[in-house]
>>> print(open('data_39.pdb').read())   # PDB, C-alpha atoms
ATOM      1  CA  MET E  56     -23.934  -0.614 -15.695
ATOM      2  CA  ILE E  57     -25.682  -2.104 -12.650
ATOM      3  CA  ILE E  58     -23.949  -4.163  -9.986
ATOM      4  CA  HIS E  59     -25.475  -6.163  -7.146
ATOM      5  CA  ASN E  60     -26.375  -3.844  -4.278
ATOM      6  CA  SER E  61     -24.774  -5.924  -1.491
ATOM      7  CA  SER E  62     -22.784  -4.430   1.377
ATOM      8  CA  PHE E  63     -19.612  -6.152   0.153
ATOM      9  CA  ALA E  64     -20.020  -4.853  -3.395
ATOM     10  CA  MET E  65     -20.854  -1.326  -2.225
ATOM     11  CA  ARG E  66     -17.928  -1.160   0.201
ATOM     12  CA  LEU E  67     -15.486  -2.570  -2.333
ATOM     13  CA  LEU E  68     -16.715  -0.109  -4.945
ATOM     14  CA  ALA E  69     -16.418   2.720  -2.408
ATOM     15  CA  SER E  70     -12.803   1.671  -1.794
ATOM     16  CA  LEU E  71     -12.061   1.699  -5.517
ATOM     17  CA  ILE E  72     -13.582   5.162  -5.820
ATOM     18  CA  PHE E  73     -11.773   6.471  -2.761
ATOM     19  CA  PHE E  74      -8.301   5.028  -3.314
ATOM     20  CA  THR E  75      -8.005   5.422  -7.098
ATOM     21  CA  ARG E  76      -8.764   8.083  -9.693
ATOM     22  CA  LEU E  77     -10.502   5.798 -12.177
ATOM     23  CA  PRO E  78     -14.202   6.581 -12.851
ATOM     24  CA  TRP E  79     -15.593   3.731 -10.773
ATOM     25  CA  TRP E  80     -18.379   6.037  -9.585
ATOM     26  CA  ARG E  81     -20.022   5.598 -12.977
ATOM     27  CA  LEU E  82     -20.787   1.951 -12.220
ATOM     28  CA  HIS E  83     -23.240   2.556  -9.395
ATOM     29  CA  ALA E  84     -24.328   5.175  -6.881
ATOM     30  CA  VAL E  85     -22.576   4.395  -3.593
ATOM     31  CA  PRO E  86     -24.176   5.362  -0.261
ATOM     32  CA  LYS E  87     -22.093   7.538   2.041
ATOM     33  CA  GLU E  88     -22.094   4.841   4.731
ATOM     34  CA  ALA E  89     -20.045   2.570   2.467
ATOM     35  CA  PHE E  90     -17.133   5.031   2.573
ATOM     36  CA  GLU E  91     -16.873   4.498   6.336
ATOM     37  CA  HIS E  92     -15.554   0.991   5.578
ATOM     38  CA  VAL E  93     -13.094   1.744   2.772
ATOM     39  CA  VAL E  94     -10.040   0.918   4.914
ATOM     40  CA  ASP E  95     -11.451  -2.554   5.615
ATOM     41  CA  TYR E  96     -11.355  -3.321   1.876
ATOM     42  CA  TRP E  97      -8.076  -1.514   1.246
ATOM     43  CA  PRO E  98      -6.010  -4.751   0.881
ATOM     44  CA  PHE E  99      -8.027  -5.724  -2.199
ATOM     45  CA  ILE E 100      -7.147  -2.395  -3.825
ATOM     46  CA  GLY E 101      -3.533  -3.608  -3.693
ATOM     47  CA  TRP E 102      -4.368  -6.047  -6.493
ATOM     48  CA  LEU E 103      -5.067  -3.032  -8.712
ATOM     49  CA  THR E 104      -2.380  -0.593  -7.543
ATOM     50  CA  GLY E 105       0.339  -3.202  -7.064
ATOM     51  CA  GLY E 106      -0.746  -4.986 -10.234
ATOM     52  CA  THR E 107      -0.472  -1.755 -12.194
ATOM     53  CA  MET E 108       3.048  -1.145 -10.896
ATOM     54  CA  ALA E 109       4.024  -4.725 -11.699
ATOM     55  CA  LEU E 110       2.586  -4.553 -15.222
ATOM     56  CA  VAL E 111       4.354  -1.282 -16.015
ATOM     57  CA  TYR E 112       7.639  -2.664 -14.669
ATOM     58  CA  VAL E 113       7.362  -5.799 -16.819
ATOM     59  CA  CYS E 114       6.411  -3.805 -19.930
ATOM     60  CA  ALA E 115       9.265  -1.330 -19.385
ATOM     61  CA  THR E 116      11.878  -4.074 -19.039
ATOM     62  CA  ALA E 117      10.396  -5.911 -22.028
ATOM     63  CA  LEU E 118      10.938  -2.763 -24.094
ATOM     64  CA  GLY E 119      14.597  -2.732 -23.056
ATOM     65  CA  PHE E 120      14.560  -0.014 -20.400
ATOM     66  CA  ALA E 121      17.105  -0.246 -17.596
ATOM     67  CA  PRO E 122      15.816  -1.322 -14.150
ATOM     68  CA  MET E 123      16.131   2.216 -12.765
ATOM     69  CA  VAL E 124      13.941   3.563 -15.586
ATOM     70  CA  ALA E 125      11.441   0.723 -15.208
ATOM     71  CA  ALA E 126      11.282   1.426 -11.471
ATOM     72  CA  LEU E 127      10.612   5.115 -12.037
ATOM     73  CA  LEU E 128       7.871   4.376 -14.570
ATOM     74  CA  ALA E 129       6.237   1.880 -12.198
ATOM     75  CA  ILE E 130       6.236   4.404  -9.353
ATOM     76  CA  ALA E 131       4.819   7.084 -11.654
ATOM     77  CA  ALA E 132       2.041   4.738 -12.798
ATOM     78  CA  ARG E 133       0.812   4.206  -9.249
ATOM     79  CA  LEU E 134       1.003   7.930  -8.545
ATOM     80  CA  LEU E 135      -1.254   8.589 -11.540
ATOM     81  CA  LEU E 136      -3.633   5.795 -10.549
ATOM     82  CA  THR E 137      -4.063   6.972  -6.953
ATOM     83  CA  GLY E 138      -3.685  10.701  -7.522
ATOM     84  CA  ALA E 139      -0.741  10.685  -5.077
ATOM     85  CA  LEU E 140      -3.286  10.189  -2.276
ATOM     86  CA  HIS E 141      -0.932   8.297   0.021
ATOM     87  CA  GLU E 142       2.055  10.506  -0.754
ATOM     88  CA  ASP E 143       0.004  13.562   0.214
ATOM     89  CA  GLY E 144      -0.743  11.819   3.506
ATOM     90  CA  LEU E 145       2.935  11.072   4.071
ATOM     91  CA  ALA E 146       3.876  14.711   3.480
ATOM     92  CA  ASP E 147       1.207  15.949   5.911
ATOM     93  CA  PHE E 148       2.221  13.294   8.439
ATOM     94  CA  CYS E 149       5.866  14.385   8.299
ATOM     95  CA  ASP E 150       4.911  18.050   8.613
ATOM     96  CA  GLY E 151       2.550  17.449  11.519
ATOM     97  CA  PHE E 152       4.673  15.043  13.527
ATOM     98  CA  GLY E 153       7.849  16.931  12.692
ATOM     99  CA  GLY E 154       6.644  20.457  13.409
ATOM    100  CA  GLY E 155       3.777  20.034  15.864
ATOM    101  CA  GLY E 156       4.564  20.091  19.561
ATOM    102  CA  THR E 157       1.031  19.468  20.821
ATOM    103  CA  ARG E 158      -1.921  17.386  19.673
ATOM    104  CA  GLU E 159      -3.882  20.431  18.525
ATOM    105  CA  ARG E 160      -0.909  21.918  16.689
ATOM    106  CA  THR E 161      -0.109  18.595  15.008
ATOM    107  CA  LEU E 162      -3.683  18.179  13.758
ATOM    108  CA  ALA E 163      -3.778  21.776  12.534
ATOM    109  CA  ILE E 164      -0.541  21.365  10.555
ATOM    110  CA  MET E 165      -1.705  18.090   9.032
ATOM    111  CA  LYS E 166      -4.939  19.698   7.850
ATOM    112  CA  ASP E 167      -3.090  22.568   6.161
ATOM    113  CA  SER E 168      -2.908  21.932   2.412
ATOM    114  CA  HIS E 169       0.497  23.627   2.124
ATOM    115  CA  ILE E 170       3.580  21.409   2.321
ATOM    116  CA  GLY E 171       6.378  22.310   4.726
ATOM    117  CA  THR E 172      10.056  21.480   5.120
ATOM    118  CA  TYR E 173       9.456  18.187   6.901
ATOM    119  CA  GLY E 174       6.983  17.109   4.234
ATOM    120  CA  VAL E 175       9.398  17.877   1.394
ATOM    121  CA  LEU E 176      12.260  16.073   3.108
ATOM    122  CA  GLY E 177      10.033  13.110   3.936
ATOM    123  CA  LEU E 178       8.921  12.680   0.326
ATOM    124  CA  VAL E 179      12.434  13.111  -1.070
ATOM    125  CA  ILE E 180      13.874  10.507   1.287
ATOM    126  CA  TYR E 181      10.948   8.133   0.721
ATOM    127  CA  PHE E 182      11.121   8.267  -3.088
ATOM    128  CA  ALA E 183      14.916   8.017  -3.087
ATOM    129  CA  LEU E 184      14.799   4.858  -0.971
ATOM    130  CA  LEU E 185      11.928   3.304  -2.952
ATOM    131  CA  TRP E 186      13.453   4.065  -6.348
ATOM    132  CA  SER E 187      16.925   2.857  -5.374
ATOM    133  CA  SER E 188      15.442  -0.345  -3.921
ATOM    134  CA  LEU E 189      13.501  -1.125  -7.106
ATOM    135  CA  SER E 190      16.557  -0.303  -9.235
ATOM    136  CA  GLN E 191      18.650  -3.083  -7.720
ATOM    137  CA  GLU E 192      19.315  -6.311  -9.528
ATOM    138  CA  LEU E 193      17.096  -9.082  -8.192
ATOM    139  CA  PRO E 194      18.758 -12.529  -8.034
ATOM    140  CA  LEU E 195      17.088 -15.006 -10.357
ATOM    141  CA  PRO E 196      15.892 -18.289  -8.834
ATOM    142  CA  CYS E 197      17.318 -21.471 -10.277
ATOM    143  CA  ALA E 198      16.552 -25.163 -10.080
ATOM    144  CA  THR E 199      20.120 -26.308  -9.415
ATOM    145  CA  ASP E 200      19.183 -27.453  -5.910
ATOM    146  CA  GLY E 201      16.708 -29.923  -7.347
ATOM    147  CA  ARG E 202      13.626 -27.725  -6.936
ATOM    148  CA  SER E 203      11.652 -26.478  -9.882
ATOM    149  CA  PHE E 204       9.321 -23.480  -9.886
ATOM    150  CA  PRO E 205       6.718 -23.474 -12.675
ATOM    151  CA  LEU E 206       6.557 -19.676 -12.908
ATOM    152  CA  MET E 207      10.214 -18.806 -12.459
ATOM    153  CA  ALA E 208      11.721 -16.381 -14.949
ATOM    154  CA  ALA E 209      13.763 -19.017 -16.761
ATOM    155  CA  GLU E 210      10.550 -20.848 -17.727
ATOM    156  CA  LEU E 211       8.847 -17.742 -19.156
ATOM    157  CA  PRO E 212       9.163 -16.024 -22.545
ATOM    158  CA  GLY E 213      12.174 -13.736 -22.804
ATOM    159  CA  TRP E 214      10.175 -10.504 -22.972
ATOM    160  CA  LEU E 215       8.432 -11.396 -19.696
ATOM    161  CA  SER E 216      11.334 -12.921 -17.795
ATOM    162  CA  ARG E 217      13.454  -9.765 -17.309
ATOM    163  CA  GLY E 218      11.078  -7.997 -14.964
ATOM    164  CA  TRP E 219       9.013 -10.927 -13.721
ATOM    165  CA  GLY E 220      10.790 -11.368 -10.379
ATOM    166  CA  TRP E 221      10.310  -7.749  -9.385
ATOM    167  CA  ALA E 222       6.724  -7.783 -10.676
ATOM    168  CA  VAL E 223       5.526 -10.521  -8.329
ATOM    169  CA  ILE E 224       7.378  -8.962  -5.381
ATOM    170  CA  ILE E 225       5.947  -5.502  -6.135
ATOM    171  CA  LEU E 226       2.428  -6.946  -6.099
ATOM    172  CA  LEU E 227       2.989  -8.814  -2.833
ATOM    173  CA  PHE E 228       4.563  -5.842  -1.047
ATOM    174  CA  ASP E 229       1.743  -3.490  -2.050
ATOM    175  CA  VAL E 230      -0.959  -5.841  -0.752
ATOM    176  CA  ALA E 231       0.955  -6.792   2.417
ATOM    177  CA  ALA E 232       1.570  -3.145   3.318
ATOM    178  CA  LYS E 233      -2.114  -2.322   2.849
ATOM    179  CA  CYS E 234      -3.049  -5.266   5.078
ATOM    180  CA  ALA E 235      -0.758  -3.947   7.819
ATOM    181  CA  ALA E 236      -1.857  -0.314   7.470
ATOM    182  CA  SER E 237      -5.551  -1.251   7.489
ATOM    183  CA  LEU E 238      -5.252  -2.510  11.074
ATOM    184  CA  ILE E 239      -5.129   1.059  12.390
ATOM    185  CA  THR E 240      -8.904   1.615  12.264
ATOM    186  CA  GLY E 241      -9.413  -1.146  14.826
ATOM    187  CA  GLN E 242      -6.564  -0.074  17.083
ATOM    188  CA  LEU E 243      -7.141   3.658  17.516
ATOM    189  CA  PRO E 244     -10.120   6.023  17.390
ATOM    190  CA  TYR E 245     -10.381   8.627  14.663
ATOM    191  CA  ALA E 246      -8.654  11.775  15.889
ATOM    192  CA  ARG E 247     -11.075  14.219  14.240
ATOM    193  CA  THR E 248     -14.817  14.607  13.848
ATOM    194  CA  ALA E 249     -16.515  14.034  10.503
ATOM    195  CA  GLU E 250     -16.828  17.785  10.059
ATOM    196  CA  GLY E 251     -13.127  18.296  10.733
ATOM    197  CA  SER E 252     -11.864  15.579   8.411
ATOM    198  CA  LYS E 253     -10.707  16.288   4.866
ATOM    199  CA  ASN E 254     -13.173  13.903   3.212
ATOM    200  CA  GLN E 255     -16.049  14.393   5.688
ATOM    201  CA  VAL E 256     -15.968  10.684   6.595
ATOM    202  CA  VAL E 257     -15.029   8.908   9.825
ATOM    203  CA  TYR E 258     -13.906   5.306   9.376
ATOM    204  CA  VAL E 259     -15.680   2.831  11.631
ATOM    205  CA  GLY E 260     -13.906   0.760  14.281
ATOM    206  CA  ARG E 261     -14.076  -3.021  14.619
ATOM    207  CA  SER E 262     -15.841  -5.427  16.919
ATOM    208  CA  LEU E 263     -14.481  -8.910  17.596
ATOM    209  CA  ARG E 264     -16.459 -10.215  14.626
ATOM    210  CA  GLY E 265     -15.139  -7.296  12.597
ATOM    211  CA  TRP E 266     -11.559  -8.260  13.443
ATOM    212  CA  LEU E 267     -12.183 -11.869  12.413
ATOM    213  CA  MET E 268     -13.736 -10.787   9.126
ATOM    214  CA  HIS E 269     -10.909  -8.368   8.441
ATOM    215  CA  GLY E 270      -8.342 -11.062   9.146
ATOM    216  CA  LEU E 271     -10.102 -13.240   6.585
ATOM    217  CA  ARG E 272     -10.087 -10.388   4.053
ATOM    218  CA  CYS E 273      -6.339  -9.927   4.527
ATOM    219  CA  VAL E 274      -5.672 -13.649   4.085
ATOM    220  CA  VAL E 275      -7.718 -13.708   0.868
ATOM    221  CA  ALA E 276      -6.018 -10.578  -0.460
ATOM    222  CA  LEU E 277      -2.549 -11.983   0.272
ATOM    223  CA  ALA E 278      -3.226 -15.441  -1.134
ATOM    224  CA  LEU E 279      -2.807 -14.587  -4.840
ATOM    225  CA  PRO E 280       0.406 -12.492  -4.692
ATOM    226  CA  LEU E 281       1.950 -14.849  -2.148
ATOM    227  CA  ALA E 282       1.207 -17.850  -4.355
ATOM    228  CA  LEU E 283       2.718 -16.068  -7.364
ATOM    229  CA  CYS E 284       5.906 -15.324  -5.407
ATOM    230  CA  CYS E 285       6.271 -18.902  -4.223
ATOM    231  CA  LEU E 286       5.571 -20.349  -7.692
ATOM    232  CA  SER E 287       8.065 -17.906  -9.198
ATOM    233  CA  GLY E 288      10.912 -19.149  -7.017
ATOM    234  CA  TYR E 289      10.844 -16.615  -4.187
ATOM    235  CA  PRO E 290       9.257 -18.542  -1.285
ATOM    236  CA  GLN E 291      11.732 -16.905   1.112
ATOM    237  CA  VAL E 292       9.820 -13.605   0.932
ATOM    238  CA  VAL E 293       7.281 -15.162   3.302
ATOM    239  CA  ALA E 294       9.809 -14.504   6.059
ATOM    240  CA  LEU E 295       9.398 -10.755   5.477
ATOM    241  CA  LEU E 296       5.636 -10.635   6.045
ATOM    242  CA  PRO E 297       5.919  -9.786   9.779
ATOM    243  CA  VAL E 298       8.029  -6.696   8.967
ATOM    244  CA  PRO E 299       5.223  -4.296   7.909
ATOM    245  CA  PHE E 300       3.088  -5.371  10.869
ATOM    246  CA  VAL E 301       5.921  -4.546  13.290
ATOM    247  CA  VAL E 302       6.381  -1.158  11.603
ATOM    248  CA  GLU E 303       2.619  -0.532  11.823
ATOM    249  CA  LEU E 304       2.629  -1.376  15.519
ATOM    250  CA  LEU E 305       5.483   1.044  16.258
ATOM    251  CA  LEU E 306       3.880   3.868  14.260
ATOM    252  CA  GLN E 307       0.501   3.156  15.842
ATOM    253  CA  MET E 308       2.067   3.552  19.294
ATOM    254  CA  TRP E 309       3.564   6.886  18.213
ATOM    255  CA  MET E 310       0.194   8.087  16.928
ATOM    256  CA  ARG E 311      -1.502   7.017  20.148
ATOM    257  CA  ARG E 312       1.008   8.984  22.173
ATOM    258  CA  ARG E 313       0.944  12.102  19.992
ATOM    259  CA  LEU E 314      -2.682  12.259  18.815
ATOM    260  CA  GLY E 315      -4.583   9.694  20.853
ATOM    261  CA  GLY E 316      -5.888   8.461  17.504
ATOM    262  CA  TYR E 317      -5.244   8.550  13.767
ATOM    263  CA  THR E 318      -6.268  10.545  10.692
ATOM    264  CA  GLY E 319      -6.563   9.793   6.989
ATOM    265  CA  ASP E 320      -3.057  11.207   6.509
ATOM    266  CA  CYS E 321      -1.798   8.716   9.070
ATOM    267  CA  CYS E 322      -3.313   5.882   7.024
ATOM    268  CA  GLY E 323      -1.516   7.006   3.869
ATOM    269  CA  ALA E 324       1.794   7.388   5.694
ATOM    270  CA  LEU E 325       1.365   3.992   7.337
ATOM    271  CA  PHE E 326       0.929   2.251   3.997
ATOM    272  CA  LEU E 327       3.950   3.852   2.347
ATOM    273  CA  LEU E 328       6.250   3.314   5.331
ATOM    274  CA  CYS E 329       5.118  -0.295   5.801
ATOM    275  CA  GLU E 330       5.737  -0.967   2.112
ATOM    276  CA  LEU E 331       9.126   0.754   2.197
ATOM    277  CA  SER E 332      10.161  -1.381   5.185
ATOM    278  CA  LEU E 333       9.636  -4.481   3.033
ATOM    279  CA  TYR E 334      11.860  -3.157   0.244
ATOM    280  CA  LEU E 335      14.557  -2.193   2.737
ATOM    281  CA  ALA E 336      14.410  -5.643   4.360
ATOM    282  CA  LEU E 337      14.477  -7.552   1.052
ATOM    283  CA  PRO E 338      18.304  -7.520   0.631
ATOM    284  CA  LEU E 339      18.573  -9.459   3.892
ATOM    285  CA  LEU E 340      17.181 -12.500   2.045
ATOM    286  CA  PHE E 341      19.702 -12.437  -0.836
TER
END
>>> encode(input="data_39.pdb", output="structure tokens")
Amino acid sequence: MIIHNSSFAMRLLASLIFFTRLPWWRLHAVPKEAFEHVVDYWPFIGWLTGGTMALVYVCATALGFAPMVAALLAIAARLLLTGALHEDGLADFCDGFGGGGTRERTLAIMKDSHIGTYGVLGLVIYFALLWSSLSQELPLPCATDGRSFPLMAAELPGWLSRGWGWAVIILLFDVAAKCAASLITGQLPYARTAEGSKNQVVYVGRSLRGWLMHGLRCVVALALPLALCCLSGYPQVVALLPVPFVVELLLQMWMRRRLGGYTGDCCGALFLLCELSLYLALPLLF
């Protein structure tokens, strides 16, 4: 199969290859330079990863599984799709920032493929919080206040309605967290050289025009899941959108102080922690 050899197409394809384990590489040969921009197109990958989680959650609830089982299956689906890429980054981030006292020691620990105590504890706590958040009962919107939402659960077929609310929120949170985490490449320099990085690639920074273009990419990526949430009767989730960006800013400041930059592991940890912050903040709305 041949696709148009434009910079947008190549960079988006490089992002699909890099952030998922599907055989996208069979579609077209991607130049190495395109992989330097994968973080810029990361938010669009949220449509696939978040959409997969949402679909599995809906299918699991339609088959009669309890919310806690549906949540576990949805999490497992994304792990299979991404090859646990981000979770590996979170483990290395916890090990490095937990056990490293200096910049050099922190980078050395993060590059080590073995997982340590901090990494294990970080993953256990992360998955426990994510799973318990997705296992909660989500209040169903209603039209008793005079408002009607065309895509709210009550207007959908029974098999789809049970998990629909969580599905649209899962999709939005995945994309929003990737938008927040993708800012890091324009805020900090890469902490390693290309030779010292795990994937032999250094992500490029951003000029003023690059920032404007990336802002536009984030708006486009967020438009679909945000519209689905609002049409489904959850317009209040818009109030949570600043949360992952605040979390990203705080973690970015910590990385600047500890490393003077970021690594690929930092990107993975940023995404998962930004996403988790949204799930933890969600009960404040209901």
>>> atom_distance(input="data_39.pdb", atom1="atom CA of E:Trp219", atom2="atom CA of E:Leu118")
13.3 Å
>>> closest_atom_pairs(input="data_39.pdb", of="stretch 102-203 of chain E", to="stretch 317-329 of chain E", cutoff="7 Å", atoms="all atoms listed in the file", output="Markdown table")
| residue | atom | partner | partner_atom | distance |
| --- | --- | --- | --- | --- |
| E:His141 | CA | E:Gly323 | CA | 4.1 |
| E:Glu142 | CA | E:Gly323 | CA | 6.8 |
| E:Gly144 | CA | E:Asp320 | CA | 3.8 |
| E:Leu145 | CA | E:Ala324 | CA | 4.2 |
| E:Asp147 | CA | E:Asp320 | CA | 6.4 |
| E:Phe148 | CA | E:Asp320 | CA | 6.0 |
>>> residues_around(input="data_39.pdb", residues="E:Val292", least_positions_apart="2", cutoff="12 Å", atoms="all atoms listed in the file", output="PyMOL selection string")
chain E and resi 220-221+223-225+227-228+231+280-290+294-298+333-334+336-341
>>> atom_distance(input="data_39.pdb", atom1="atom CA of E:Glu192", atom2="atom CA of E:Ser332")
18.0 Å
>>> atom_distance(input="data_39.pdb", atom1="atom CA of E:Phe73", atom2="atom CA of E:Ala278")
23.6 Å
>>> closest_residue(input="data_39.pdb", among="E:Met308, E:Ala139, E:Leu271, E:Val111", to="E:Ala126", atoms="all atoms listed in the file")
E:Val111
>>> closest_atom_pairs(input="data_39.pdb", of="stretch 93-149 of chain E", to="stretch 62-72 of chain E", cutoff="8 Å", atoms="all atoms listed in the file", output="tab-separated table")
residue	atom	partner	partner_atom	distance
E:Val93	CA	E:Ser70	CA	4.6
E:Val94	CA	E:Ser70	CA	7.3
E:Tyr96	CA	E:Leu67	CA	5.9
E:Trp97	CA	E:Ser70	CA	6.5
E:Ile100	CA	E:Leu71	CA	6.6
>>> residues_around(input="data_39.pdb", residues="stretch 164-170 of chain E", least_positions_apart="3", cutoff="7 Å", atoms="all atoms listed in the file", output="ChimeraX atom specification")
/E:146-148,150-151,155,160-161,174-175
>>> resolve_selection(input="data_39.pdb", expression="the PyMOL selection byres ((chain E and resi 99) around 9)", output="PDB file with C-alpha atoms, in the coordinates of the input")
ATOM      1  CA  LEU E  67     -15.486  -2.570  -2.333  1.00  0.00           C
ATOM      2  CA  SER E  70     -12.803   1.671  -1.794  1.00  0.00           C
ATOM      3  CA  TYR E  96     -11.355  -3.321   1.876  1.00  0.00           C
ATOM      4  CA  TRP E  97      -8.076  -1.514   1.246  1.00  0.00           C
ATOM      5  CA  PRO E  98      -6.010  -4.751   0.881  1.00  0.00           C
ATOM      6  CA  ILE E 100      -7.147  -2.395  -3.825  1.00  0.00           C
ATOM      7  CA  GLY E 101      -3.533  -3.608  -3.693  1.00  0.00           C
ATOM      8  CA  TRP E 102      -4.368  -6.047  -6.493  1.00  0.00           C
ATOM      9  CA  LEU E 103      -5.067  -3.032  -8.712  1.00  0.00           C
ATOM     10  CA  VAL E 230      -0.959  -5.841  -0.752  1.00  0.00           C
ATOM     11  CA  LYS E 233      -2.114  -2.322   2.849  1.00  0.00           C
ATOM     12  CA  CYS E 234      -3.049  -5.266   5.078  1.00  0.00           C
ATOM     13  CA  ARG E 272     -10.087 -10.388   4.053  1.00  0.00           C
ATOM     14  CA  CYS E 273      -6.339  -9.927   4.527  1.00  0.00           C
ATOM     15  CA  VAL E 275      -7.718 -13.708   0.868  1.00  0.00           C
ATOM     16  CA  ALA E 276      -6.018 -10.578  -0.460  1.00  0.00           C
ATOM     17  CA  LEU E 277      -2.549 -11.983   0.272  1.00  0.00           C
TER      18      LEU E 277
END
>>> resolve_selection(input="data_39.pdb", expression="the PyMOL selection byres ((chain E and resi 91) around 10)", output="list in words")
Arg66, Ala69, Ser70, Pro86, Lys87, Glu88, Ala89, Phe90, His92, Val93, Val94, Asp95, Gln255, Val256, Val257, Tyr258, Val259 and Gly260 of chain E
>>> closest_residue(input="data_39.pdb", among="E:Leu178, E:Cys114, E:Val293, E:Leu279", to="E:Asp143", atoms="all atoms listed in the file")
E:Leu178
>>> resolve_selection(input="data_39.pdb", expression="the PyMOL selection byres ((chain E and resi 133-137) around 8)", output="CSV table (one decimal) with C-alpha atoms, in the frame of the given file")
chain,number,residue,atom,x,y,z
E,74,PHE,CA,-8.3,5.0,-3.3
E,75,THR,CA,-8.0,5.4,-7.1
E,76,ARG,CA,-8.8,8.1,-9.7
E,77,LEU,CA,-10.5,5.8,-12.2
E,104,THR,CA,-2.4,-0.6,-7.5
E,105,GLY,CA,0.3,-3.2,-7.1
E,107,THR,CA,-0.5,-1.8,-12.2
E,108,MET,CA,3.0,-1.1,-10.9
E,129,ALA,CA,6.2,1.9,-12.2
E,130,ILE,CA,6.2,4.4,-9.4
E,131,ALA,CA,4.8,7.1,-11.7
E,132,ALA,CA,2.0,4.7,-12.8
E,138,GLY,CA,-3.7,10.7,-7.5
E,139,ALA,CA,-0.7,10.7,-5.1
E,140,LEU,CA,-3.3,10.2,-2.3
E,141,HIS,CA,-0.9,8.3,0.0
>>> decode(input="data_39.pdb", residues="stretch 107-156 of chain E", atoms="C-alpha atoms", output="short mmCIF file (atom, residue, chain, number, x, y, z; two decimals), in the first residue's frame")
data_model
loop_
_atom_site.label_atom_id
_atom_site.label_comp_id
_atom_site.auth_asym_id
_atom_site.auth_seq_id
_atom_site.Cartn_x
_atom_site.Cartn_y
_atom_site.Cartn_z
CA THR E 107 -9.48 1.03 21.75
CA MET E 108 -9.93 1.29 25.52
CA ALA E 109 -13.37 2.82 25.05
CA LEU E 110 -14.46 0.14 22.58
CA VAL E 111 -13.31 -2.71 24.82
CA TYR E 112 -15.07 -1.13 27.82
CA VAL E 113 -18.34 -0.80 25.89
CA CYS E 114 -18.12 -4.36 24.53
CA ALA E 115 -17.32 -5.78 27.98
CA THR E 116 -20.29 -4.06 29.62
CA ALA E 117 -22.53 -5.06 26.71
CA LEU E 118 -21.59 -8.69 27.38
CA GLY E 119 -22.66 -8.28 31.01
CA PHE E 120 -19.28 -7.93 32.71
CA ALA E 121 -19.10 -5.87 35.90
CA PRO E 122 -17.49 -2.41 35.66
CA MET E 123 -14.34 -3.59 37.46
CA VAL E 124 -13.88 -6.39 34.91
CA ALA E 125 -14.61 -4.06 31.99
CA ALA E 126 -12.06 -1.60 33.38
CA LEU E 127 -9.39 -4.28 33.66
CA LEU E 128 -10.04 -5.50 30.11
CA ALA E 129 -9.86 -1.93 28.77
CA ILE E 130 -6.53 -1.32 30.52
CA ALA E 131 -5.18 -4.63 29.22
CA ALA E 132 -6.23 -3.76 25.67
CA ARG E 133 -4.19 -0.56 25.68
CA LEU E 134 -1.22 -2.37 27.18
CA LEU E 135 -1.31 -4.87 24.31
CA LEU E 136 -1.74 -2.11 21.73
CA THR E 137 1.20 -0.03 22.97
CA GLY E 138 3.42 -2.84 24.19
CA ALA E 139 3.38 -1.25 27.66
CA LEU E 140 5.64 1.49 26.25
CA HIS E 141 4.43 4.21 28.60
CA GLU E 142 4.28 1.92 31.63
CA ASP E 143 7.92 0.96 31.04
CA GLY E 144 8.73 4.67 31.03
CA LEU E 145 6.84 5.20 34.28
CA ALA E 146 8.74 2.37 35.97
CA ASP E 147 12.11 3.74 34.82
CA PHE E 148 11.07 7.26 35.84
CA CYS E 149 10.15 6.09 39.35
CA ASP E 150 13.39 4.13 39.68
CA GLY E 151 15.55 7.00 38.44
CA PHE E 152 13.92 9.84 40.33
CA GLY E 153 13.42 7.69 43.41
CA GLY E 154 16.88 6.15 43.63
CA GLY E 155 19.16 8.61 41.82
CA GLY E 156 20.79 11.34 43.85
#
